[in-house]
file data.cif (mmCIF, C-alpha atoms)
data_structure
#
loop_
_atom_site.label_atom_id
_atom_site.label_comp_id
_atom_site.auth_asym_id
_atom_site.auth_seq_id
_atom_site.Cartn_x
_atom_site.Cartn_y
_atom_site.Cartn_z
CA MET A 1028 11.02 -26.23 -15.60
CA ALA A 1029 12.05 -25.85 -19.20
CA GLU A 1030 14.76 -23.33 -19.85
CA THR A 1031 13.10 -20.35 -21.50
CA GLU A 1032 14.14 -17.24 -23.34
CA GLY A 1033 16.77 -15.39 -21.38
CA ALA A 1034 16.45 -17.43 -18.15
CA SER A 1035 19.16 -19.82 -17.01
CA ARG A 1036 18.69 -22.56 -14.41
CA GLU A 1037 21.34 -20.96 -12.20
CA PHE A 1038 18.85 -19.22 -9.91
CA LEU A 1039 16.19 -21.91 -9.50
CA LEU A 1040 14.94 -22.15 -5.92
CA ASP A 1041 13.23 -24.98 -4.10
CA ARG A 1042 11.20 -25.10 -0.92
CA GLU A 1043 14.05 -26.56 1.16
CA THR A 1044 16.54 -23.86 0.12
CA VAL A 1045 13.99 -21.12 0.84
CA LEU A 1046 13.19 -22.56 4.28
CA LYS A 1047 16.93 -22.65 5.06
CA GLY A 1048 17.16 -19.00 3.98
CA VAL A 1049 14.19 -17.75 6.02
CA SER A 1050 15.49 -19.58 9.11
CA THR A 1051 18.40 -17.09 9.13
CA LEU A 1052 16.00 -14.14 9.55
CA PRO A 1053 15.43 -12.88 13.09
CA SER A 1054 12.18 -13.96 14.75
CA LEU A 1055 9.41 -11.41 15.19
CA PRO A 1056 8.86 -10.33 18.82
CA ALA A 1057 6.62 -12.86 20.62
CA VAL A 1058 4.05 -10.15 21.37
CA VAL A 1059 3.70 -9.37 17.65
CA ILE A 1060 3.04 -13.05 16.86
CA GLU A 1061 0.52 -13.07 19.69
CA LEU A 1062 -1.15 -9.94 18.25
CA LEU A 1063 -1.25 -11.49 14.78
CA GLN A 1064 -2.85 -14.66 16.15
CA THR A 1065 -5.82 -12.54 17.23
CA MET A 1066 -6.72 -12.11 13.52
CA ASP A 1067 -8.30 -15.58 13.64
CA GLN A 1068 -9.81 -15.23 17.12
CA GLU A 1069 -13.29 -14.08 18.03
CA GLU A 1070 -12.17 -12.51 21.30
CA ALA A 1071 -8.83 -11.33 22.63
CA ASP A 1072 -7.65 -9.98 25.97
CA MET A 1073 -6.79 -6.42 24.91
CA HIS A 1074 -5.57 -5.37 28.36
CA LEU A 1075 -3.12 -8.26 28.54
CA LEU A 1076 -1.86 -7.63 25.00
CA ALA A 1077 -1.46 -3.90 25.71
CA GLU A 1078 0.55 -4.70 28.83
CA LYS A 1079 2.81 -7.15 26.96
CA LEU A 1080 3.35 -4.70 24.08
CA SER A 1081 4.13 -1.87 26.53
CA ARG A 1082 7.05 -3.93 27.88
CA ASP A 1083 8.74 -3.72 24.48
CA GLN A 1084 9.75 -0.06 24.72
CA ALA A 1085 11.29 0.34 21.27
CA LEU A 1086 8.28 -1.22 19.55
CA SER A 1087 5.79 0.72 21.72
CA ALA A 1088 7.51 4.00 20.86
CA LYS A 1089 7.20 3.25 17.14
CA VAL A 1090 3.54 2.31 17.49
CA LEU A 1091 2.81 5.55 19.38
CA ARG A 1092 4.71 7.68 16.83
CA VAL A 1093 2.57 6.34 13.99
CA ALA A 1094 -0.64 6.40 16.06
CA ASN A 1095 -0.07 10.14 16.61
CA SER A 1096 0.68 10.89 12.95
CA SER A 1097 -1.63 12.81 10.63
CA PHE A 1098 -2.91 9.61 8.94
CA TYR A 1099 -4.81 8.62 12.06
CA GLY A 1100 -5.79 12.20 12.91
CA MET A 1101 -4.95 11.72 16.61
CA SER A 1102 -1.99 14.08 16.94
CA GLY A 1103 -0.68 14.03 20.49
CA LYS A 1104 -3.70 12.24 21.91
CA VAL A 1105 -2.31 8.70 22.07
CA ASN A 1106 0.03 8.59 25.04
CA SER A 1107 0.18 4.88 25.83
CA ILE A 1108 -0.46 1.51 24.23
CA ALA A 1109 -3.61 1.28 26.35
CA ASP A 1110 -4.77 4.59 24.78
CA ALA A 1111 -3.90 3.23 21.34
CA MET A 1112 -6.02 0.12 21.97
CA VAL A 1113 -8.98 2.35 22.81
CA VAL A 1114 -8.50 4.86 19.99
CA LEU A 1115 -7.27 2.61 17.17
CA GLY A 1116 -8.65 -0.71 18.37
CA LEU A 1117 -6.84 -4.00 18.48
CA ARG A 1118 -6.72 -4.19 14.67
CA GLY A 1119 -5.05 -0.80 14.35
CA VAL A 1120 -2.44 -1.53 17.03
CA ARG A 1121 -1.78 -4.96 15.56
CA THR A 1122 -1.14 -3.50 12.11
CA LEU A 1123 1.23 -0.84 13.46
CA ALA A 1124 3.19 -3.27 15.64
CA MET A 1125 3.51 -5.74 12.82
CA ALA A 1126 4.55 -3.12 10.26
CA ALA A 1127 7.20 -1.72 12.64
CA SER A 1128 8.61 -5.18 13.43
CA ILE A 1129 8.78 -6.32 9.85
CA SER A 1130 10.34 -3.09 8.71
CA ASP A 1131 12.99 -3.55 11.49
CA THR A 1132 13.64 -7.14 10.46
CA PHE A 1133 14.54 -6.11 6.93
CA SER A 1134 16.10 -2.72 7.69
CA ALA A 1135 19.67 -3.97 7.28
CA THR A 1136 18.92 -5.67 3.96
CA ARG A 1137 20.96 -4.46 1.01
CA CYS A 1138 20.09 -5.67 -2.46
CA PRO A 1139 21.44 -3.79 -5.50
CA GLY A 1140 18.60 -2.27 -7.52
CA PHE A 1141 15.86 -3.12 -5.01
CA ASP A 1142 14.09 0.07 -3.91
CA PHE A 1143 12.65 -0.44 -0.42
CA ARG A 1144 10.76 2.84 -0.46
CA MET A 1145 9.04 1.95 -3.71
CA PHE A 1146 8.31 -1.52 -2.34
CA TRP A 1147 6.61 -0.14 0.77
CA ARG A 1148 4.71 2.53 -1.19
CA HIS A 1149 3.22 -0.23 -3.34
CA SER A 1150 2.40 -2.35 -0.26
CA ILE A 1151 0.73 0.61 1.48
CA GLY A 1152 -1.26 1.30 -1.72
CA VAL A 1153 -2.46 -2.31 -1.86
CA ALA A 1154 -3.30 -2.21 1.87
CA LEU A 1155 -5.47 0.92 1.40
CA CYS A 1156 -7.19 -0.52 -1.70
CA ALA A 1157 -7.80 -3.85 0.09
CA LYS A 1158 -9.23 -2.06 3.14
CA GLU A 1159 -11.66 -0.02 1.03
CA ILE A 1160 -12.72 -3.03 -1.09
CA ALA A 1161 -13.34 -5.01 2.12
CA ARG A 1162 -15.47 -2.15 3.47
CA GLN A 1163 -17.54 -2.04 0.29
CA CYS A 1164 -17.97 -5.84 0.38
CA ARG A 1165 -18.77 -5.81 4.12
CA GLN A 1166 -15.70 -7.93 4.94
CA ASN A 1167 -13.12 -7.48 7.71
CA ASP A 1168 -11.29 -4.32 6.57
CA GLY A 1169 -8.58 -4.54 9.26
CA ASN A 1170 -7.53 -8.01 8.15
CA ALA A 1171 -7.64 -6.93 4.51
CA PHE A 1172 -5.34 -3.95 5.30
CA THR A 1173 -2.83 -6.20 7.09
CA ALA A 1174 -2.91 -8.80 4.29
CA GLY A 1175 -2.41 -6.02 1.72
CA LEU A 1176 0.54 -4.57 3.59
CA LEU A 1177 2.23 -8.00 3.75
CA HIS A 1178 1.12 -9.50 0.42
CA ASP A 1179 4.57 -9.09 -1.17
CA LEU A 1180 6.54 -10.34 1.86
CA GLY A 1181 8.22 -12.86 -0.47
CA ARG A 1182 10.02 -10.03 -2.27
CA LEU A 1183 11.59 -9.01 1.05
CA VAL A 1184 12.67 -12.64 1.55
CA LEU A 1185 14.36 -12.51 -1.84
CA ALA A 1186 16.02 -9.15 -1.16
CA SER A 1187 17.26 -10.30 2.23
CA CYS A 1188 18.12 -14.00 1.79
CA PHE A 1189 18.64 -14.35 -1.97
CA PRO A 1190 19.74 -10.93 -3.31
CA GLN A 1191 21.54 -12.34 -6.37
CA HIS A 1192 18.38 -14.24 -7.30
CA LEU A 1193 16.35 -11.05 -7.03
CA VAL A 1194 18.87 -9.17 -9.18
CA ALA A 1195 18.44 -11.89 -11.83
CA VAL A 1196 14.62 -11.58 -11.61
CA MET A 1197 14.82 -7.79 -11.96
CA ALA A 1198 17.13 -8.11 -14.98
CA TYR A 1199 14.79 -10.63 -16.63
CA ARG A 1200 11.76 -8.45 -15.98
CA GLU A 1201 13.46 -5.39 -17.41
CA ARG A 1202 14.59 -7.33 -20.49
CA MET A 1203 11.20 -8.95 -21.16
CA ASP A 1204 8.98 -6.13 -19.78
CA CYS A 1205 6.75 -8.76 -18.17
CA PRO A 1206 4.86 -8.98 -14.85
CA TRP A 1207 6.91 -9.86 -11.74
CA GLU A 1208 5.14 -13.21 -11.35
CA GLU A 1209 6.20 -14.29 -14.84
CA ALA A 1210 9.82 -13.21 -14.29
CA GLU A 1211 9.96 -15.07 -10.97
CA GLN A 1212 8.54 -18.27 -12.44
CA GLN A 1213 11.05 -18.16 -15.29
CA VAL A 1214 14.11 -17.34 -13.18
CA LEU A 1215 13.34 -18.94 -9.78
CA GLY A 1216 10.76 -21.57 -10.68
CA MET A 1217 8.57 -20.19 -7.89
CA SER A 1218 6.76 -16.95 -7.12
CA HIS A 1219 7.19 -14.33 -4.41
CA ALA A 1220 3.76 -15.43 -3.15
CA GLU A 1221 5.12 -18.94 -2.40
CA LEU A 1222 8.27 -17.44 -0.82
CA GLY A 1223 6.18 -15.12 1.35
CA GLY A 1224 3.99 -18.05 2.34
CA LEU A 1225 7.04 -19.98 3.53
CA LEU A 1226 8.16 -17.07 5.72
CA ALA A 1227 4.60 -16.68 7.03
CA MET A 1228 4.69 -20.35 7.99
CA HIS A 1229 8.14 -20.01 9.60
CA TRP A 1230 6.95 -16.99 11.60
CA ASN A 1231 3.81 -18.85 12.63
CA PHE A 1232 1.40 -16.33 11.12
CA PRO A 1233 -2.31 -17.09 11.60
CA ALA A 1234 -3.79 -19.39 8.96
CA SER A 1235 -5.87 -16.67 7.27
CA LEU A 1236 -2.86 -14.34 6.80
CA HIS A 1237 -0.63 -17.21 5.65
CA ALA A 1238 -3.24 -18.21 3.04
CA ALA A 1239 -3.77 -14.61 1.92
CA ILE A 1240 -0.03 -14.09 1.32
CA THR A 1241 0.41 -17.46 -0.43
CA HIS A 1242 -2.62 -17.12 -2.68
CA HIS A 1243 -2.68 -13.42 -3.54
CA HIS A 1244 -2.19 -14.25 -7.22
CA ASP A 1245 -3.77 -17.69 -7.68
CA MET A 1246 -6.92 -17.34 -5.51
CA ALA A 1247 -6.50 -20.95 -4.32
CA GLY A 1248 -7.05 -20.09 -0.64
CA ASP A 1249 -10.20 -20.95 1.30
CA ASP A 1250 -11.18 -17.30 1.69
CA LYS A 1251 -12.01 -16.51 -1.95
CA VAL A 1252 -13.24 -13.01 -1.19
CA LEU A 1253 -9.99 -12.04 0.57
CA SER A 1254 -7.89 -13.61 -2.23
CA CYS A 1255 -9.89 -11.71 -4.87
CA THR A 1256 -9.68 -8.54 -2.78
CA LEU A 1257 -5.88 -8.78 -2.83
CA VAL A 1258 -5.69 -9.58 -6.56
CA ILE A 1259 -7.83 -6.56 -7.42
CA ALA A 1260 -6.19 -4.32 -4.79
CA ASP A 1261 -2.79 -5.16 -6.30
CA ALA A 1262 -4.05 -4.26 -9.80
CA LEU A 1263 -5.63 -1.02 -8.51
CA ALA A 1264 -2.45 0.08 -6.73
CA HIS A 1265 -0.55 -0.38 -10.01
CA ALA A 1266 -3.34 1.28 -12.05
CA LEU A 1267 -3.42 4.30 -9.71
CA ASP A 1268 0.36 4.57 -10.26
CA LEU A 1269 1.05 4.87 -6.53
CA SER A 1270 4.52 3.39 -6.03
CA GLY A 1271 6.45 5.93 -8.09
CA ASP A 1272 7.91 3.22 -10.35
CA GLU A 1273 8.34 4.52 -13.91
CA ASN A 1274 7.99 0.92 -15.18
CA GLU A 1275 4.78 0.28 -13.24
CA MET A 1276 2.61 -2.46 -14.79
CA VAL A 1277 -0.96 -3.59 -14.07
CA SER A 1278 -1.05 -7.37 -13.68
CA PRO A 1279 -3.78 -9.32 -15.49
CA ILE A 1280 -6.95 -9.78 -13.43
CA THR A 1281 -9.38 -12.62 -13.91
CA GLU A 1282 -13.06 -12.36 -14.68
CA VAL A 1283 -13.85 -14.59 -11.69
CA CYS A 1284 -12.12 -12.19 -9.29
CA TRP A 1285 -13.79 -9.10 -10.72
CA GLN A 1286 -17.21 -10.78 -10.62
CA THR A 1287 -16.66 -12.10 -7.07
CA LEU A 1288 -16.34 -8.53 -5.77
CA SER A 1289 -19.04 -7.33 -8.15
CA LEU A 1290 -19.05 -3.66 -7.16
CA PRO A 1291 -20.94 -1.00 -9.14
CA ASP A 1292 -18.81 1.40 -11.20
CA GLU A 1293 -19.70 4.37 -8.97
CA ASN A 1294 -18.34 2.50 -5.93
CA TRP A 1295 -15.05 1.82 -7.70
CA LEU A 1296 -14.71 5.49 -8.68
CA ALA A 1297 -15.38 6.59 -5.11
CA LEU A 1298 -12.88 4.02 -3.85
CA PHE A 1299 -10.13 5.36 -6.17
CA ALA A 1300 -10.66 8.85 -4.75
CA ILE A 1301 -10.59 7.65 -1.12
CA VAL A 1302 -7.36 5.71 -1.66
CA GLU A 1303 -5.65 8.63 -3.41
CA SER A 1304 -6.73 11.05 -0.69
CA GLN A 1305 -5.29 8.83 2.08
CA PHE A 1306 -2.20 7.52 0.34
CA GLU A 1307 0.47 10.17 0.99
CA ALA A 1308 -0.52 10.57 4.66
CA ALA A 1309 -0.39 6.78 5.09
CA CYS A 1310 3.10 6.67 3.54
CA GLU A 1311 4.26 9.57 5.69
CA SER A 1312 3.03 7.71 8.78
CA LEU A 1313 4.14 4.19 8.00
CA LEU A 1314 7.44 4.86 6.19
CA VAL A 1315 10.20 5.91 8.55
CA MET B 375 1.35 22.92 -15.48
CA ARG B 376 1.92 24.02 -11.90
CA ASP B 377 -0.40 25.78 -9.50
CA ASP B 378 0.69 29.01 -7.82
CA ILE B 379 1.53 28.80 -4.12
CA ARG B 380 1.44 31.99 -2.07
CA ARG B 381 1.51 33.16 1.57
CA VAL B 382 -1.75 34.95 2.30
CA ALA B 383 -2.84 37.00 5.33
CA ILE B 384 -5.37 34.83 7.18
CA GLU B 385 -8.08 37.51 6.99
CA ASP B 386 -7.86 37.37 3.18
CA VAL B 387 -8.31 33.58 3.00
CA VAL B 388 -11.75 32.60 1.74
CA ALA B 389 -13.75 29.45 2.45
CA GLY B 390 -12.81 26.71 -0.01
CA ALA B 391 -9.13 27.74 -0.20
CA ARG B 392 -6.71 24.79 -0.19
CA LEU B 393 -3.63 24.59 2.05
CA ALA B 394 -0.30 24.11 0.25
CA GLU B 395 1.50 23.16 3.47
CA PRO B 396 0.37 21.52 6.72
CA VAL B 397 -0.52 23.87 9.59
CA CYS B 398 1.27 22.82 12.81
CA ASP B 399 1.03 24.00 16.42
CA VAL B 400 4.08 25.13 18.40
CA ASN B 401 4.88 21.51 19.32
CA GLY B 402 4.98 20.47 15.68
CA ASN B 403 1.67 18.59 15.83
CA VAL B 404 -0.23 18.78 12.54
CA LEU B 405 -3.49 20.71 12.98
CA LEU B 406 -4.46 20.55 9.31
CA PRO B 407 -2.68 18.53 6.58
CA ALA B 408 -1.51 19.92 3.24
CA GLY B 409 -4.37 19.81 0.76
CA ALA B 410 -7.04 20.48 3.39
CA GLU B 411 -9.86 22.71 2.22
CA LEU B 412 -10.63 25.54 4.63
CA SER B 413 -14.10 26.40 5.85
CA ASP B 414 -15.08 29.60 7.68
CA SER B 415 -15.06 27.73 10.99
CA THR B 416 -11.58 26.15 10.51
CA ARG B 417 -10.21 29.56 9.47
CA ALA B 418 -11.76 31.12 12.59
CA SER B 419 -10.22 28.44 14.82
CA LEU B 420 -6.79 29.10 13.27
CA VAL B 421 -7.24 32.84 13.96
CA ARG B 422 -8.02 31.96 17.61
CA ARG B 423 -4.79 29.96 17.72
CA GLY B 424 -2.90 33.10 16.69
CA LEU B 425 -2.04 32.25 13.08
CA THR B 426 -1.64 35.31 10.87
CA GLU B 427 -0.72 33.81 7.49
CA LEU B 428 -1.41 30.60 5.56
CA THR B 429 0.23 29.07 2.48
CA ILE B 430 -2.52 28.62 -0.09
CA VAL B 431 -2.69 26.88 -3.46
CA PHE B 432 -4.05 28.98 -6.32
CA GLU B 433 -5.09 26.67 -9.11
CA ARG B 434 -4.02 28.01 -12.47
CA VAL B 435 -6.60 27.57 -15.23
CA PRO B 436 -4.85 25.71 -18.08
CA SER B 437 -4.96 26.92 -21.67
CA GLU B 438 -6.73 24.69 -24.21
CA ALA B 439 -3.35 23.51 -25.58
CA GLU B 440 -2.15 22.62 -22.07
CA ARG B 441 -5.39 20.77 -21.37
CA VAL B 442 -5.11 18.69 -24.56
CA ALA B 443 -1.45 17.91 -23.88
CA ASP B 444 -2.28 16.90 -20.31
CA LEU B 445 -5.05 14.53 -21.41
CA ALA B 446 -2.73 12.98 -24.01
CA ARG B 447 -0.07 12.44 -21.33
CA VAL B 448 -2.62 10.77 -18.99
CA GLU B 449 -3.95 8.57 -21.81
CA ALA B 450 -0.41 7.51 -22.80
CA ARG B 451 0.48 6.66 -19.20
CA LEU B 452 -2.69 4.56 -18.76
CA THR B 453 -1.98 2.68 -22.01
CA TYR B 454 1.54 1.99 -20.74
CA LEU B 455 0.37 0.89 -17.27
CA PHE B 456 -2.14 -1.55 -18.78
CA ARG B 457 0.26 -2.96 -21.41
CA SER B 458 0.21 -6.45 -19.83
CA ALA B 459 -3.22 -6.41 -18.23
CA GLY B 460 -4.66 -8.60 -21.00
CA ASP B 461 -7.71 -8.01 -23.14
CA ASN B 462 -10.27 -9.91 -21.05
CA ALA B 463 -13.47 -8.17 -19.99
CA ALA B 464 -12.29 -7.56 -16.40
CA GLY B 465 -9.02 -5.90 -17.42
CA GLN B 466 -10.80 -3.77 -20.02
CA HIS B 467 -13.47 -2.79 -17.50
CA LEU B 468 -10.80 -1.62 -15.03
CA LEU B 469 -9.06 0.35 -17.80
CA ARG B 470 -12.37 2.03 -18.74
CA LEU B 471 -12.94 2.95 -15.08
CA MET B 472 -9.44 4.40 -14.78
CA ARG B 473 -9.98 6.44 -17.98
CA ARG B 474 -13.23 7.79 -16.55
CA TYR B 475 -11.58 8.54 -13.20
CA ARG B 476 -8.68 10.38 -14.86
CA GLY B 477 -11.06 12.34 -17.09
CA VAL B 478 -9.91 10.85 -20.41
CA ASP B 479 -13.05 8.78 -21.06
CA HIS B 480 -14.20 9.46 -24.59
CA GLY B 481 -17.51 7.69 -24.09
#
call {"tool": "encode", "arguments": {"input": "data.cif", "output": "structure tokens"}}
result
Amino acid sequence: MAETEGASREFLLDRETVLKGVSTLPSLPAVVIELLQTMDQEEADMHLLAEKLSRDQALSAKVLRVANSSFYGMSGKVNSIADAMVVLGLRGVRTLAMAASISDTFSATRCPGFDFRMFWRHSIGVALCAKEIARQCRQNDGNAFTAGLLHDLGRLVLASCFPQHLVAVMAYRERMDCPWEEAEQQVLGMSHAELGGLLAMHWNFPASLHAAITHHHDMAGDDKVLSCTLVIADALAHALDLSGDENEMVSPITEVCWQTLSLPDENWLALFAIVESQFEAACESLLV
Amino acid sequence: MRDDIRRVAIEDVVAGARLAEPVCDVNGNVLLPAGAELSDSTRASLVRRGLTELTIVFERVPSEAERVADLARVEARLTYLFRSAGDNAAGQHLLRLMRRYRGVDHG
């Protein structure tokens, strides 16, 4: 990579270094990996999964707390993981278990200048936008929500394993007032999407989720509709100004992506209103 | 511009009023979230639960000057948010939709 304005070669990353870094992160609980694998399966044994998840008391308690929050409108009615499977379905329980585990994995991370709350608010915004786009396009809205929630996993890898690199990216972005992807390419020589993809591979995520995380900016994955859903959901979350970041910036979107989803204007306007009406309750539920 | 928020006796709350705070039961479970619009039936069910007062939002009607200033602020924020979105048709279409959604579409 040619040295460019304001970026030194000091913080360049390569695949091998990133893999070494992510190998230091704790593994996700086996039951969460098993739950995630069901994203690519036609059928899953919900009773067996509920029983396995119930054995992890700390994780079960977190799932039940969120399941009973105002976002799901089930206050006090979900008393067990088996209840949660019935009320929220496998997709809902899977999302909650995964969100709780990942948030635990990175809870001890300290990176100067990296605002975790803002990070998760953006991810929740993208998840809600992706879910609503998927509904409008008659795609799997549960998988779209999960992919949206995890699309920026690579930023957490940076904050946790390479904090000095992330500080350099943030400084470059502030100086150049450019999109994150551009700052990452200039400073690291790779994007957070690639970094997130490497962690998804290390954690043995299902192929569809791995591809969605890796290709949420370049649309090179096999599932074009999901890739486009994430690209547009990301732009919408920025455009709706959800994260609370004063320096919020809408990333460029391609014509191909916009045309792939091809929704009428009235549907987009309705979607904005739905996302805004659900957003604060979702944050209250999912952010501890 | 801020709306007024006041405690109101439940018998004086009319249908369509908007809650400023969530209504919880004695165990802290949320019965209705902040922002919920009350109907006659939800108000009646809260009366049956023994509630006597609710915290209601009273929307203040802005002056013309406040309205113009507010629209200018929204327009400026949208311009800032879209500063790197590019000038292709898709990016411009999304910006037009956001302007319409935020009520600053000038046609």
call {"tool": "closest_residue", "arguments": {"input": "data.cif", "among": "B:Val400, B:Val435, B:Ala410, B:Ala418", "to": "Arg376 of chain B", "atoms": "all atoms listed in the file"}}
result
B:Val435
call {"tool": "interface_residues", "arguments": {"input": "data.cif", "of": "chain B", "to": "chain A", "cutoff": "9 Å", "atoms": "all atoms listed in the file", "output": "JSON, numbers by chain"}}
result
{"B": [403, 404, 405, 406, 407, 452, 454, 455, 456, 457, 458, 459, 460, 461, 462, 463, 464, 465, 468, 469, 471, 472, 474, 475]}
call {"tool": "atom_distance", "arguments": {"input": "data.cif", "atom1": "atom CA of Val1302 of chain A", "atom2": "atom CA of Leu1269 of chain A"}}
result
9.8 Å
call {"tool": "closest_residue", "arguments": {"input": "data.cif", "among": "B:Gly477, B:Val397, B:Gly390, B:Ala383", "to": "Arg423 of chain B", "atoms": "only C-alpha atoms"}}
result
B:Val397
call {"tool": "residues_around", "arguments": {"input": "data.cif", "residues": "His1243 of chain A", "least_positions_apart": "5", "cutoff": "12 Å", "atoms": "only C-alpha atoms", "output": "number ranges by chain"}}
result
A: 1153, 1157, 1171, 1174-1181, 1208, 1218-1224, 1235-1238, 1248-1262, 1278, 1280, 1284
call {"tool": "atom_distance", "arguments": {"input": "data.cif", "atom1": "atom CA of Leu1091 of chain A", "atom2": "atom CA of Thr1173 of chain A"}}
result
17.9 Å
call {"tool": "build_atoms", "arguments": {"input": "data.cif", "residues": "segment 446-453 of chain B", "atoms": "all heavy atoms", "output": "PDB file, in the coordinates of the input"}}
result
ATOM      1  N   ALA B 446      -3.501  13.925 -23.189  1.00  0.00           N
ATOM      2  CA  ALA B 446      -2.730  12.980 -24.010  1.00  0.00           C
ATOM      3  C   ALA B 446      -1.685  12.263 -23.147  1.00  0.00           C
ATOM      4  O   ALA B 446      -1.451  11.058 -23.296  1.00  0.00           O
ATOM      5  CB  ALA B 446      -2.054  13.722 -25.161  1.00  0.00           C
ATOM      6  N   ARG B 447      -1.080  13.018 -22.225  1.00  0.00           N
ATOM      7  CA  ARG B 447      -0.070  12.440 -21.330  1.00  0.00           C
ATOM      8  C   ARG B 447      -0.716  11.384 -20.425  1.00  0.00           C
ATOM      9  O   ARG B 447      -0.193  10.289 -20.240  1.00  0.00           O
ATOM     10  CB  ARG B 447       0.560  13.557 -20.488  1.00  0.00           C
ATOM     11  CG  ARG B 447       1.721  13.138 -19.619  1.00  0.00           C
ATOM     12  CD  ARG B 447       2.146  14.271 -18.687  1.00  0.00           C
ATOM     13  NE  ARG B 447       1.049  14.783 -17.866  1.00  0.00           N
ATOM     14  CZ  ARG B 447       0.550  14.156 -16.811  1.00  0.00           C
ATOM     15  NH1 ARG B 447       1.030  12.980 -16.446  1.00  0.00           N
ATOM     16  NH2 ARG B 447      -0.453  14.677 -16.118  1.00  0.00           N
ATOM     17  N   VAL B 448      -1.902  11.706 -19.879  1.00  0.00           N
ATOM     18  CA  VAL B 448      -2.620  10.770 -18.990  1.00  0.00           C
ATOM     19  C   VAL B 448      -3.003   9.512 -19.767  1.00  0.00           C
ATOM     20  O   VAL B 448      -2.825   8.387 -19.299  1.00  0.00           O
ATOM     21  CB  VAL B 448      -3.871  11.443 -18.386  1.00  0.00           C
ATOM     22  CG1 VAL B 448      -4.727  10.434 -17.644  1.00  0.00           C
ATOM     23  CG2 VAL B 448      -3.465  12.574 -17.454  1.00  0.00           C
ATOM     24  N   GLU B 449      -3.523   9.710 -20.970  1.00  0.00           N
ATOM     25  CA  GLU B 449      -3.950   8.570 -21.810  1.00  0.00           C
ATOM     26  C   GLU B 449      -2.740   7.673 -22.129  1.00  0.00           C
ATOM     27  O   GLU B 449      -2.837   6.438 -22.024  1.00  0.00           O
ATOM     28  CB  GLU B 449      -4.570   9.118 -23.116  1.00  0.00           C
ATOM     29  CG  GLU B 449      -4.998   8.072 -24.105  1.00  0.00           C
ATOM     30  CD  GLU B 449      -6.168   7.214 -23.623  1.00  0.00           C
ATOM     31  OE1 GLU B 449      -7.132   7.789 -23.126  1.00  0.00           O
ATOM     32  OE2 GLU B 449      -6.076   5.981 -23.742  1.00  0.00           O
ATOM     33  N   ALA B 450      -1.615   8.291 -22.460  1.00  0.00           N
ATOM     34  CA  ALA B 450      -0.410   7.510 -22.800  1.00  0.00           C
ATOM     35  C   ALA B 450       0.069   6.716 -21.585  1.00  0.00           C
ATOM     36  O   ALA B 450       0.479   5.564 -21.696  1.00  0.00           O
ATOM     37  CB  ALA B 450       0.685   8.448 -23.298  1.00  0.00           C
ATOM     38  N   ARG B 451       0.022   7.352 -20.409  1.00  0.00           N
ATOM     39  CA  ARG B 451       0.480   6.660 -19.200  1.00  0.00           C
ATOM     40  C   ARG B 451      -0.422   5.461 -18.884  1.00  0.00           C
ATOM     41  O   ARG B 451       0.054   4.388 -18.526  1.00  0.00           O
ATOM     42  CB  ARG B 451       0.515   7.653 -18.019  1.00  0.00           C
ATOM     43  CG  ARG B 451       1.015   7.069 -16.702  1.00  0.00           C
ATOM     44  CD  ARG B 451       2.458   6.608 -16.762  1.00  0.00           C
ATOM     45  NE  ARG B 451       2.921   6.052 -15.505  1.00  0.00           N
ATOM     46  CZ  ARG B 451       4.025   5.322 -15.347  1.00  0.00           C
ATOM     47  NH1 ARG B 451       4.803   5.062 -16.378  1.00  0.00           N
ATOM     48  NH2 ARG B 451       4.379   4.847 -14.176  1.00  0.00           N
ATOM     49  N   LEU B 452      -1.754   5.663 -19.037  1.00  0.00           N
ATOM     50  CA  LEU B 452      -2.690   4.560 -18.760  1.00  0.00           C
ATOM     51  C   LEU B 452      -2.448   3.403 -19.733  1.00  0.00           C
ATOM     52  O   LEU B 452      -2.442   2.235 -19.330  1.00  0.00           O
ATOM     53  CB  LEU B 452      -4.141   5.038 -18.868  1.00  0.00           C
ATOM     54  CG  LEU B 452      -4.685   5.777 -17.640  1.00  0.00           C
ATOM     55  CD1 LEU B 452      -6.098   6.280 -17.911  1.00  0.00           C
ATOM     56  CD2 LEU B 452      -4.678   4.885 -16.402  1.00  0.00           C
ATOM     57  N   THR B 453      -2.245   3.730 -21.002  1.00  0.00           N
ATOM     58  CA  THR B 453      -1.980   2.680 -22.010  1.00  0.00           C
ATOM     59  C   THR B 453      -0.724   1.909 -21.610  1.00  0.00           C
ATOM     60  O   THR B 453      -0.680   0.682 -21.693  1.00  0.00           O
ATOM     61  CB  THR B 453      -1.808   3.324 -23.405  1.00  0.00           C
ATOM     62  OG1 THR B 453      -2.982   4.085 -23.679  1.00  0.00           O
ATOM     63  CG2 THR B 453      -1.600   2.278 -24.480  1.00  0.00           C
TER      64      THR B 453
END
